[in-house]
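Everything on this sheet refers to the single structure shown next.
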Amino acid sequence: MGAGERTGGGAWTRRGEWLEVTPGKIITGAEDSEAAIDKWLLETVGMPEKLRLRLRREGGIQWKGDRLRLALFPDREAGIEPVWEELEVLYEDDFCLVAHKPAGMAVHPDGSGLGVTLDHLVAAHYVATGVSAAVRHIHRLDKDTTGPVMYAKNEFAQLVLDENMREKSISRLYAAIVEGTVPPTLKVIDAPIGRDRHHAARRRVSPGGQSAVTRILGREALHGGSLVHVQLETGRTHQIRVHLSHMGHPLYGDALYGGPVWAPSASGRHALHGELLSFRHPWSGEQLEVSDPWPEDMLQLRELLSEAP
């Protein structure tokens, strides 16, 4: 079922591991309440069938009076050790969390056992707020890209949000400061991306690569560069960096793809920031927009290029 076909489950109350809702006459007025519940969960809420079946099997669906209770919040291990560093939370409720990822921090461990990641910080936040949930990020950002990263706080949210990512109904808007003047005619970059055989860390536009589409929604001319607002239709590794470099507009600070030096940046990173995450709430269906203010280094670079002679 597509994300646009369901209307969502509306308001909810959490009681421990249980979610409690009052669906109304669609169930109370039905001759077969159990069948009506199943239909409502599948068609209105958008609950994946395998989760509905498991909840039925395990007694996780209860109906009493006009209230429906679902065991959506069982205790789960985080799956990663908590690290107690400051986490900037942009949005949070019972189903999802959106956190700011700073520059120089990976979203998840790379297997080396070295370095603190955003997943480690989220695990500590869960402990501090009494949440017993697995740490499940829905998407990623490059290590040196700043911006919002979304986490699912239960299995239902993960299944729905993962499907929404596949359907491309989760929108990510980025701000990039690039070299050169980006012409008004450049609105869509549709070019497949594959690995660079000559450099293990690089990607490149390649006829045999994976489909990749980047949209440029707005631009602002600067001295020696441009500010562009970019939307991803696909989420390939380094996609924005590869596409803009391919078109002759590498990001400031992006040495890997030929970008100009970005001296004001203390971290030595590339000038790319996720400024807006737009998605439908996995349970209620409400359209949400979570913005992430520009970090100080990007603001300074924009000001520097605005004032340049």
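Chains: A, B, ... in order of the structure tokens. Residues: from 1 per chain. Ligands: from 1, in order shown.
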Just the residues within 8 Å of Trp294 of chain A, please, counting only C-alpha atoms, with nothing from its chain fewer than 3 positions along; format it as number ranges by chain. A: 273, 275, 298-299
May I have the residues within 10 Å of segment 193-198 of chain A as a list in words, using only C-alpha atoms and disregarding those fewer than 3 positions away in the same chain?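 Residues meeting the cut-off are Asp190, Ala201, Arg202, Arg203, Arg204, Val205, Ser206, Pro207, Gly208, Gly209, Gln210, Ser211, Ala212, Val213, Arg236, Thr237, His238, Gln239, Val242 and His243 of chain A.
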Determine the nearest neighbour of Thr44 of chain A from the options A:Pro282, A:Thr214, A:His229, A:Glu289, counting only C-alpha atoms.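 Residue with the minimum atom-to-atom distance to Thr44 of chain A: A:Pro282.
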Could you tell me, as a PyMOL selection string, which residues of segment 82-306 of chain A DSSP assigns to strand (DSSP E) when given the backbone? chain A and resi 89-92+96-101+136-137+147-152+171-179+188-190+193-195+203-205+213-222+225-232+272-280+287-291
I need the chosen residues saved as a compact mmCIF listing (two decimals), in the first residue's frame, with C-alpha atoms.
```txt
# COMPACT_ATOMS: atom_id res chain seq x y z
CA VAL A 89 16.96 16.58 19.35
CA LEU A 90 14.93 18.28 16.61
CA TYR A 91 11.74 16.20 16.99
CA GLU A 92 10.63 13.29 19.15
CA CYS A 96 10.28 8.54 15.94
CA LEU A 97 13.17 10.80 16.79
CA VAL A 98 14.96 13.29 14.54
CA ALA A 99 18.41 14.32 15.74
CA HIS A 100 20.99 16.78 14.40
CA LYS A 101 24.18 15.15 13.16
CA ARG A 136 17.30 2.18 14.28
CA HIS A 137 18.32 4.98 11.88
CA GLY A 147 21.70 17.84 9.20
CA PRO A 148 18.75 15.82 10.53
CA VAL A 149 18.75 12.04 10.83
CA MET A 150 15.53 10.15 11.60
CA TYR A 151 15.25 7.16 13.94
CA ALA A 152 12.36 4.73 14.38
CA SER A 171 11.76 14.39 1.32
CA ARG A 172 15.22 15.68 2.19
CA LEU A 173 16.22 19.23 1.33
CA TYR A 174 19.88 20.26 1.46
CA ALA A 175 21.83 23.51 1.22
CA ALA A 176 25.16 23.37 -0.59
CA ILE A 177 27.71 26.09 -1.29
CA VAL A 178 29.50 25.29 -4.51
CA GLU A 179 32.11 26.68 -6.87
CA VAL A 188 17.62 18.27 -12.60
CA ILE A 189 20.76 16.12 -12.60
CA ASP A 190 19.82 12.62 -13.75
CA ILE A 193 26.48 6.80 -9.94
CA GLY A 194 28.93 3.95 -9.47
CA ARG A 195 32.23 3.25 -7.72
CA ARG A 203 32.09 7.58 -6.49
CA ARG A 204 31.61 8.83 -10.04
CA VAL A 205 29.00 9.26 -12.73
CA VAL A 213 18.38 11.93 -9.55
CA THR A 214 19.09 15.28 -7.86
CA ARG A 215 16.81 18.31 -8.15
CA ILE A 216 17.94 21.92 -7.72
CA LEU A 217 15.03 23.86 -6.26
CA GLY A 218 16.68 27.25 -5.74
CA ARG A 219 19.95 29.10 -6.10
CA GLU A 220 21.65 32.28 -4.95
CA ALA A 221 24.65 33.81 -6.68
CA LEU A 222 27.66 34.51 -4.47
CA GLY A 225 30.30 30.45 -5.93
CA SER A 226 26.61 29.70 -5.54
CA LEU A 227 24.27 28.61 -2.79
CA VAL A 228 21.94 25.89 -4.06
CA HIS A 229 18.98 24.20 -2.41
CA VAL A 230 18.95 20.57 -3.46
CA GLN A 231 16.40 17.77 -3.11
CA LEU A 232 17.28 14.08 -3.42
CA LEU A 272 26.70 20.60 2.71
CA HIS A 273 23.88 20.77 5.26
CA GLY A 274 20.52 18.99 5.46
CA GLU A 275 18.14 21.83 6.23
CA LEU A 276 14.72 20.17 6.05
CA LEU A 277 13.25 16.69 6.50
CA SER A 278 9.63 16.21 5.44
CA PHE A 279 7.72 12.99 6.15
CA ARG A 280 4.35 11.52 7.06
CA GLN A 287 2.65 15.52 7.30
CA LEU A 288 5.59 16.79 9.34
CA GLU A 289 8.45 19.11 8.46
CA VAL A 290 11.53 19.17 10.68
CA SER A 291 14.00 21.95 9.97
```
As a PyMOL selection string, please: every residue in segment 70-283 of chain A that DSSP puts in helix (DSSP H, G or I). chain A and resi 118-128+155-166+239-246+255-257
Do you know which residues are at most 9 Å from segment 115-126 of chain A counting only C-alpha atoms, after dropping those on the same chain fewer than 6 positions away, and could you put them as a JSON list (two decimals) with all heavy atoms, in the first residue's frame?
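What follows is the written file part_12.json:
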```
[["chain", "number", "residue", "atom", "x", "y", "z"],
["A", 78, "ALA", "N", 19.08, -1.62, 23.12],
["A", 78, "ALA", "CA", 19.50, -0.59, 22.17],
["A", 78, "ALA", "C", 20.32, -1.17, 21.03],
["A", 78, "ALA", "O", 20.26, -0.70, 19.89],
["A", 78, "ALA", "CB", 20.29, 0.50, 22.88],
["A", 79, "GLY", "N", 21.13, -2.20, 21.33],
["A", 79, "GLY", "CA", 21.97, -2.81, 20.31],
["A", 79, "GLY", "C", 23.29, -2.10, 20.10],
["A", 79, "GLY", "O", 24.08, -2.50, 19.24],
["A", 80, "ILE", "N", 23.54, -1.05, 20.88],
["A", 80, "ILE", "CA", 24.80, -0.30, 20.79],
["A", 80, "ILE", "C", 25.03, 0.39, 22.13],
["A", 80, "ILE", "O", 24.07, 0.78, 22.81],
["A", 80, "ILE", "CB", 24.74, 0.73, 19.63],
["A", 80, "ILE", "CG1", 26.10, 1.37, 19.40],
["A", 80, "ILE", "CG2", 23.67, 1.78, 19.86],
["A", 80, "ILE", "CD1", 26.17, 2.20, 18.11],
["A", 81, "GLU", "N", 26.29, 0.50, 22.53],
["A", 81, "GLU", "CA", 26.61, 1.09, 23.82],
["A", 81, "GLU", "C", 26.30, 2.59, 23.83],
["A", 81, "GLU", "O", 26.62, 3.29, 22.87],
["A", 81, "GLU", "CB", 28.09, 0.89, 24.15],
["A", 81, "GLU", "CG", 28.45, -0.55, 24.51],
["A", 81, "GLU", "CD", 27.73, -1.02, 25.76],
["A", 81, "GLU", "OE1", 27.73, -0.27, 26.76],
["A", 81, "GLU", "OE2", 27.18, -2.14, 25.74],
["A", 82, "PRO", "N", 25.70, 3.10, 24.92],
["A", 82, "PRO", "CA", 25.46, 4.54, 25.00],
["A", 82, "PRO", "C", 26.75, 5.31, 25.24],
["A", 82, "PRO", "O", 27.64, 4.83, 25.94],
["A", 82, "PRO", "CB", 24.52, 4.67, 26.21],
["A", 82, "PRO", "CG", 24.77, 3.46, 27.03],
["A", 82, "PRO", "CD", 25.15, 2.36, 26.08],
["A", 83, "VAL", "N", 26.85, 6.46, 24.62],
["A", 83, "VAL", "CA", 27.96, 7.37, 24.86],
["A", 83, "VAL", "C", 27.36, 8.71, 25.27],
["A", 83, "VAL", "O", 26.52, 9.26, 24.56],
["A", 83, "VAL", "CB", 28.85, 7.54, 23.61],
["A", 83, "VAL", "CG1", 29.92, 8.62, 23.86],
["A", 83, "VAL", "CG2", 29.52, 6.22, 23.25],
["A", 84, "TRP", "N", 27.82, 9.22, 26.40],
["A", 84, "TRP", "CA", 27.17, 10.39, 27.01],
["A", 84, "TRP", "C", 27.78, 11.68, 26.49],
["A", 84, "TRP", "O", 28.65, 12.28, 27.10],
["A", 84, "TRP", "CB", 27.24, 10.28, 28.53],
["A", 84, "TRP", "CG", 26.58, 9.02, 29.00],
["A", 84, "TRP", "CD1", 27.18, 7.81, 29.23],
["A", 84, "TRP", "CD2", 25.19, 8.82, 29.23],
["A", 84, "TRP", "NE1", 26.25, 6.88, 29.60],
["A", 84, "TRP", "CE2", 25.02, 7.47, 29.62],
["A", 84, "TRP", "CE3", 24.06, 9.64, 29.15],
["A", 84, "TRP", "CZ2", 23.77, 6.93, 29.93],
["A", 84, "TRP", "CZ3", 22.82, 9.10, 29.47],
["A", 84, "TRP", "CH2", 22.69, 7.77, 29.84],
["A", 85, "GLU", "N", 27.32, 12.10, 25.34],
["A", 85, "GLU", "CA", 27.65, 13.40, 24.78],
["A", 85, "GLU", "C", 26.35, 14.09, 24.40],
["A", 85, "GLU", "O", 25.32, 13.46, 24.25],
["A", 85, "GLU", "CB", 28.55, 13.25, 23.54],
["A", 85, "GLU", "CG", 29.95, 12.74, 23.84],
["A", 85, "GLU", "CD", 30.85, 12.74, 22.60],
["A", 85, "GLU", "OE1", 30.46, 13.37, 21.60],
["A", 85, "GLU", "OE2", 31.91, 12.11, 22.66],
["A", 86, "GLU", "N", 26.43, 15.41, 24.24],
["A", 86, "GLU", "CA", 25.22, 16.18, 23.97],
["A", 86, "GLU", "C", 24.60, 15.78, 22.63],
["A", 86, "GLU", "O", 25.29, 15.66, 21.62],
["A", 86, "GLU", "CB", 25.54, 17.67, 23.96],
["A", 86, "GLU", "CG", 24.31, 18.55, 23.74],
["A", 86, "GLU", "CD", 24.64, 20.03, 23.76],
["A", 86, "GLU", "OE1", 25.81, 20.38, 24.02],
["A", 86, "GLU", "OE2", 23.72, 20.83, 23.51],
["A", 87, "LEU", "N", 23.29, 15.56, 22.64],
["A", 87, "LEU", "CA", 22.53, 15.25, 21.43],
["A", 87, "LEU", "C", 21.50, 16.34, 21.22],
["A", 87, "LEU", "O", 20.72, 16.65, 22.13],
["A", 87, "LEU", "CB", 21.83, 13.89, 21.56],
["A", 87, "LEU", "CG", 20.97, 13.47, 20.37],
["A", 87, "LEU", "CD1", 21.85, 13.05, 19.20],
["A", 87, "LEU", "CD2", 20.02, 12.33, 20.74],
["A", 97, "LEU", "N", 12.29, 9.76, 16.29],
["A", 97, "LEU", "CA", 13.17, 10.80, 16.79],
["A", 97, "LEU", "C", 13.96, 11.34, 15.61],
["A", 97, "LEU", "O", 14.41, 10.57, 14.76],
["A", 97, "LEU", "CB", 14.11, 10.23, 17.86],
["A", 97, "LEU", "CG", 15.20, 11.16, 18.41],
["A", 97, "LEU", "CD1", 15.41, 10.91, 19.89],
["A", 97, "LEU", "CD2", 16.53, 10.96, 17.66],
["A", 99, "ALA", "N", 17.29, 13.72, 15.04],
["A", 99, "ALA", "CA", 18.41, 14.32, 15.74],
["A", 99, "ALA", "C", 19.34, 15.01, 14.75],
["A", 99, "ALA", "O", 19.50, 14.57, 13.61],
["A", 99, "ALA", "CB", 19.18, 13.27, 16.53],
["A", 100, "HIS", "N", 19.99, 16.09, 15.22],
["A", 100, "HIS", "CA", 20.99, 16.78, 14.40],
["A", 100, "HIS", "C", 22.30, 16.02, 14.43],
["A", 100, "HIS", "O", 22.79, 15.64, 15.50],
["A", 100, "HIS", "CB", 21.21, 18.19, 14.95],
["A", 100, "HIS", "CG", 22.40, 18.88, 14.36],
["A", 100, "HIS", "ND1", 22.39, 19.44, 13.10],
["A", 100, "HIS", "CD2", 23.66, 19.09, 14.86],
["A", 100, "HIS", "CE1", 23.59, 19.97, 12.85],
["A", 100, "HIS", "NE2", 24.37, 19.77, 13.90],
["A", 101, "LYS", "N", 22.87, 15.77, 13.24],
["A", 101, "LYS", "CA", 24.18, 15.15, 13.16],
["A", 101, "LYS", "C", 25.22, 16.23, 12.90],
["A", 101, "LYS", "O", 25.16, 16.93, 11.88],
["A", 101, "LYS", "CB", 24.24, 14.11, 12.05],
["A", 101, "LYS", "CG", 25.52, 13.26, 12.12],
["A", 101, "LYS", "CD", 25.75, 12.46, 10.86],
["A", 101, "LYS", "CE", 26.36, 13.29, 9.75],
["A", 101, "LYS", "NZ", 27.72, 13.83, 10.10],
["A", 102, "PRO", "N", 26.19, 16.37, 13.80],
["A", 102, "PRO", "CA", 27.24, 17.37, 13.58],
["A", 102, "PRO", "C", 28.28, 16.90, 12.57],
["A", 102, "PRO", "O", 28.34, 15.72, 12.21],
["A", 102, "PRO", "CB", 27.86, 17.53, 14.98],
["A", 102, "PRO", "CG", 27.61, 16.22, 15.66],
["A", 102, "PRO", "CD", 26.31, 15.70, 15.11],
["A", 105, "MET", "N", 31.12, 13.40, 12.41],
["A", 105, "MET", "CA", 30.58, 12.26, 13.14],
["A", 105, "MET", "C", 29.80, 11.36, 12.18],
["A", 105, "MET", "O", 28.92, 11.83, 11.46],
["A", 105, "MET", "CB", 29.65, 12.72, 14.28],
["A", 105, "MET", "CG", 29.01, 11.59, 15.06],
["A", 105, "MET", "SD", 27.92, 12.17, 16.39],
["A", 105, "MET", "CE", 29.13, 12.77, 17.57],
["A", 106, "ALA", "N", 30.11, 10.07, 12.18],
["A", 106, "ALA", "CA", 29.36, 9.12, 11.36],
["A", 106, "ALA", "C", 28.02, 8.82, 12.02],
["A", 106, "ALA", "O", 27.85, 9.00, 13.23],
["A", 106, "ALA", "CB", 30.16, 7.84, 11.19],
["A", 107, "VAL", "N", 27.06, 8.35, 11.22],
["A", 107, "VAL", "CA", 25.76, 7.98, 11.77],
["A", 107, "VAL", "C", 25.87, 6.68, 12.57],
["A", 107, "VAL", "O", 25.28, 6.55, 13.65],
["A", 107, "VAL", "CB", 24.71, 7.83, 10.65],
["A", 107, "VAL", "CG1", 23.41, 7.22, 11.19],
["A", 107, "VAL", "CG2", 24.42, 9.19, 10.02],
["A", 108, "HIS", "N", 26.65, 5.71, 12.06],
["A", 108, "HIS", "CA", 26.73, 4.41, 12.71],
["A", 108, "HIS", "C", 28.17, 3.90, 12.67],
["A", 108, "HIS", "O", 28.98, 4.37, 11.83],
["A", 108, "HIS", "CB", 25.79, 3.40, 12.04],
["A", 108, "HIS", "CG", 26.10, 3.18, 10.60],
["A", 108, "HIS", "ND1", 26.93, 2.18, 10.16],
["A", 108, "HIS", "CD2", 25.71, 3.85, 9.48],
["A", 108, "HIS", "CE1", 27.03, 2.23, 8.84],
["A", 108, "HIS", "NE2", 26.30, 3.23, 8.40],
["A", 109, "PRO", "N", 28.53, 2.94, 13.51],
["A", 109, "PRO", "CA", 29.90, 2.41, 13.51],
["A", 109, "PRO", "C", 30.28, 1.78, 12.18],
["A", 109, "PRO", "O", 29.43, 1.23, 11.47],
["A", 109, "PRO", "CB", 29.88, 1.37, 14.63],
["A", 109, "PRO", "CG", 28.74, 1.77, 15.51],
["A", 109, "PRO", "CD", 27.71, 2.35, 14.59],
["A", 132, "SER", "N", 13.20, 2.14, 26.21],
["A", 132, "SER", "CA", 13.82, 0.84, 25.96],
["A", 132, "SER", "C", 13.53, 0.44, 24.52],
["A", 132, "SER", "O", 12.57, -0.26, 24.23],
["A", 132, "SER", "CB", 13.29, -0.21, 26.93],
["A", 132, "SER", "OG", 13.61, 0.13, 28.27],
["A", 133, "ALA", "N", 14.36, 0.93, 23.61],
["A", 133, "ALA", "CA", 14.13, 0.71, 22.18],
["A", 133, "ALA", "C", 15.44, 0.46, 21.47],
["A", 133, "ALA", "O", 16.49, 0.95, 21.89],
["A", 133, "ALA", "CB", 13.43, 1.92, 21.56],
["A", 134, "ALA", "N", 15.37, -0.30, 20.39],
["A", 134, "ALA", "CA", 16.55, -0.50, 19.55],
["A", 134, "ALA", "C", 16.86, 0.80, 18.82],
["A", 134, "ALA", "O", 15.96, 1.55, 18.45],
["A", 134, "ALA", "CB", 16.30, -1.62, 18.56],
["A", 135, "VAL", "N", 18.14, 1.07, 18.61],
["A", 135, "VAL", "CA", 18.56, 2.26, 17.88],
["A", 135, "VAL", "C", 18.52, 1.93, 16.39],
["A", 135, "VAL", "O", 19.35, 1.19, 15.88],
["A", 135, "VAL", "CB", 19.97, 2.70, 18.31],
["A", 135, "VAL", "CG1", 20.45, 3.88, 17.47],
["A", 135, "VAL", "CG2", 19.97, 3.07, 19.79],
["A", 136, "ARG", "N", 17.53, 2.50, 15.69],
["A", 136, "ARG", "CA", 17.30, 2.18, 14.28],
["A", 136, "ARG", "C", 17.28, 3.46, 13.46],
["A", 136, "ARG", "O", 16.27, 4.18, 13.46],
["A", 136, "ARG", "CB", 15.97, 1.46, 14.09],
["A", 136, "ARG", "CG", 15.73, 0.19, 14.90],
["A", 136, "ARG", "CD", 14.29, -0.25, 14.66],
["A", 136, "ARG", "NE", 13.96, -1.55, 15.20],
["A", 136, "ARG", "CZ", 13.18, -1.74, 16.27],
["A", 136, "ARG", "NH1", 12.70, -0.71, 16.94],
["A", 136, "ARG", "NH2", 12.89, -2.97, 16.67],
["A", 137, "HIS", "N", 18.35, 3.80, 12.76],
["A", 137, "HIS", "CA", 18.32, 4.98, 11.88],
["A", 137, "HIS", "C", 17.64, 4.59, 10.56],
["A", 137, "HIS", "O", 17.80, 3.48, 10.06],
["A", 137, "HIS", "CB", 19.72, 5.56, 11.64],
["A", 137, "HIS", "CG", 20.71, 4.59, 11.10],
["A", 137, "HIS", "ND1", 21.59, 3.87, 11.88],
["A", 137, "HIS", "CD2", 20.95, 4.20, 9.81],
["A", 137, "HIS", "CE1", 22.32, 3.09, 11.11],
["A", 137, "HIS", "NE2", 21.94, 3.26, 9.85],
["A", 149, "VAL", "N", 18.82, 13.48, 11.09],
["A", 149, "VAL", "CA", 18.75, 12.04, 10.83],
["A", 149, "VAL", "C", 17.57, 11.48, 11.62],
["A", 149, "VAL", "O", 17.41, 11.78, 12.81],
["A", 149, "VAL", "CB", 20.05, 11.33, 11.26],
["A", 149, "VAL", "CG1", 19.91, 9.81, 11.08],
["A", 149, "VAL", "CG2", 21.23, 11.84, 10.43],
["A", 151, "TYR", "N", 15.20, 8.48, 13.30],
["A", 151, "TYR", "CA", 15.25, 7.16, 13.94],
["A", 151, "TYR", "C", 13.83, 6.67, 14.21],
["A", 151, "TYR", "O", 12.96, 7.45, 14.60],
["A", 151, "TYR", "CB", 16.00, 7.24, 15.27],
["A", 151, "TYR", "CG", 17.50, 7.42, 15.12],
["A", 151, "TYR", "CD1", 18.04, 8.66, 14.82],
["A", 151, "TYR", "CD2", 18.36, 6.33, 15.24],
["A", 151, "TYR", "CE1", 19.41, 8.82, 14.65],
["A", 151, "TYR", "CE2", 19.73, 6.49, 15.08],
["A", 151, "TYR", "CZ", 20.24, 7.73, 14.79],
["A", 151, "TYR", "OH", 21.60, 7.88, 14.63]]
```
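Atom CA of Pro192 of chain A to atom CA of Gly253 of chain A spans 23.6 Å [interatomic distance, one decimal].
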Using only C-alpha atoms, pick whichever of A:Leu186, A:Ile138, A:Ala200, A:Leu304 has the shortest atom-to-atom distance to Asn164 of chain A.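 Answer, going by the shortest atom-to-atom distance: A:Ile138.
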May I ask which of the residues A:Gly104, A:Gly235, A:Ala128, A:Leu141 is the closest one to Arg166 of chain A, counting only C-alpha atoms?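 Using only C-alpha atoms, the shortest distance to Arg166 of chain A belongs to A:Gly235.
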For segment 15-29 of chain A, find every residue with an atom within 12 Å (counting only C-alpha atoms), except residues of its own chain fewer than 2 positions away, and show them as an MDAnalysis selection string. chainID A and resid 8:13 31:41 44:45 55 59:76 94:95 130:133 154 156 283:284
In Å, how far is it from atom CA of Tyr252 of chain A to atom CA of Ala271 of chain A? 5.4 Å
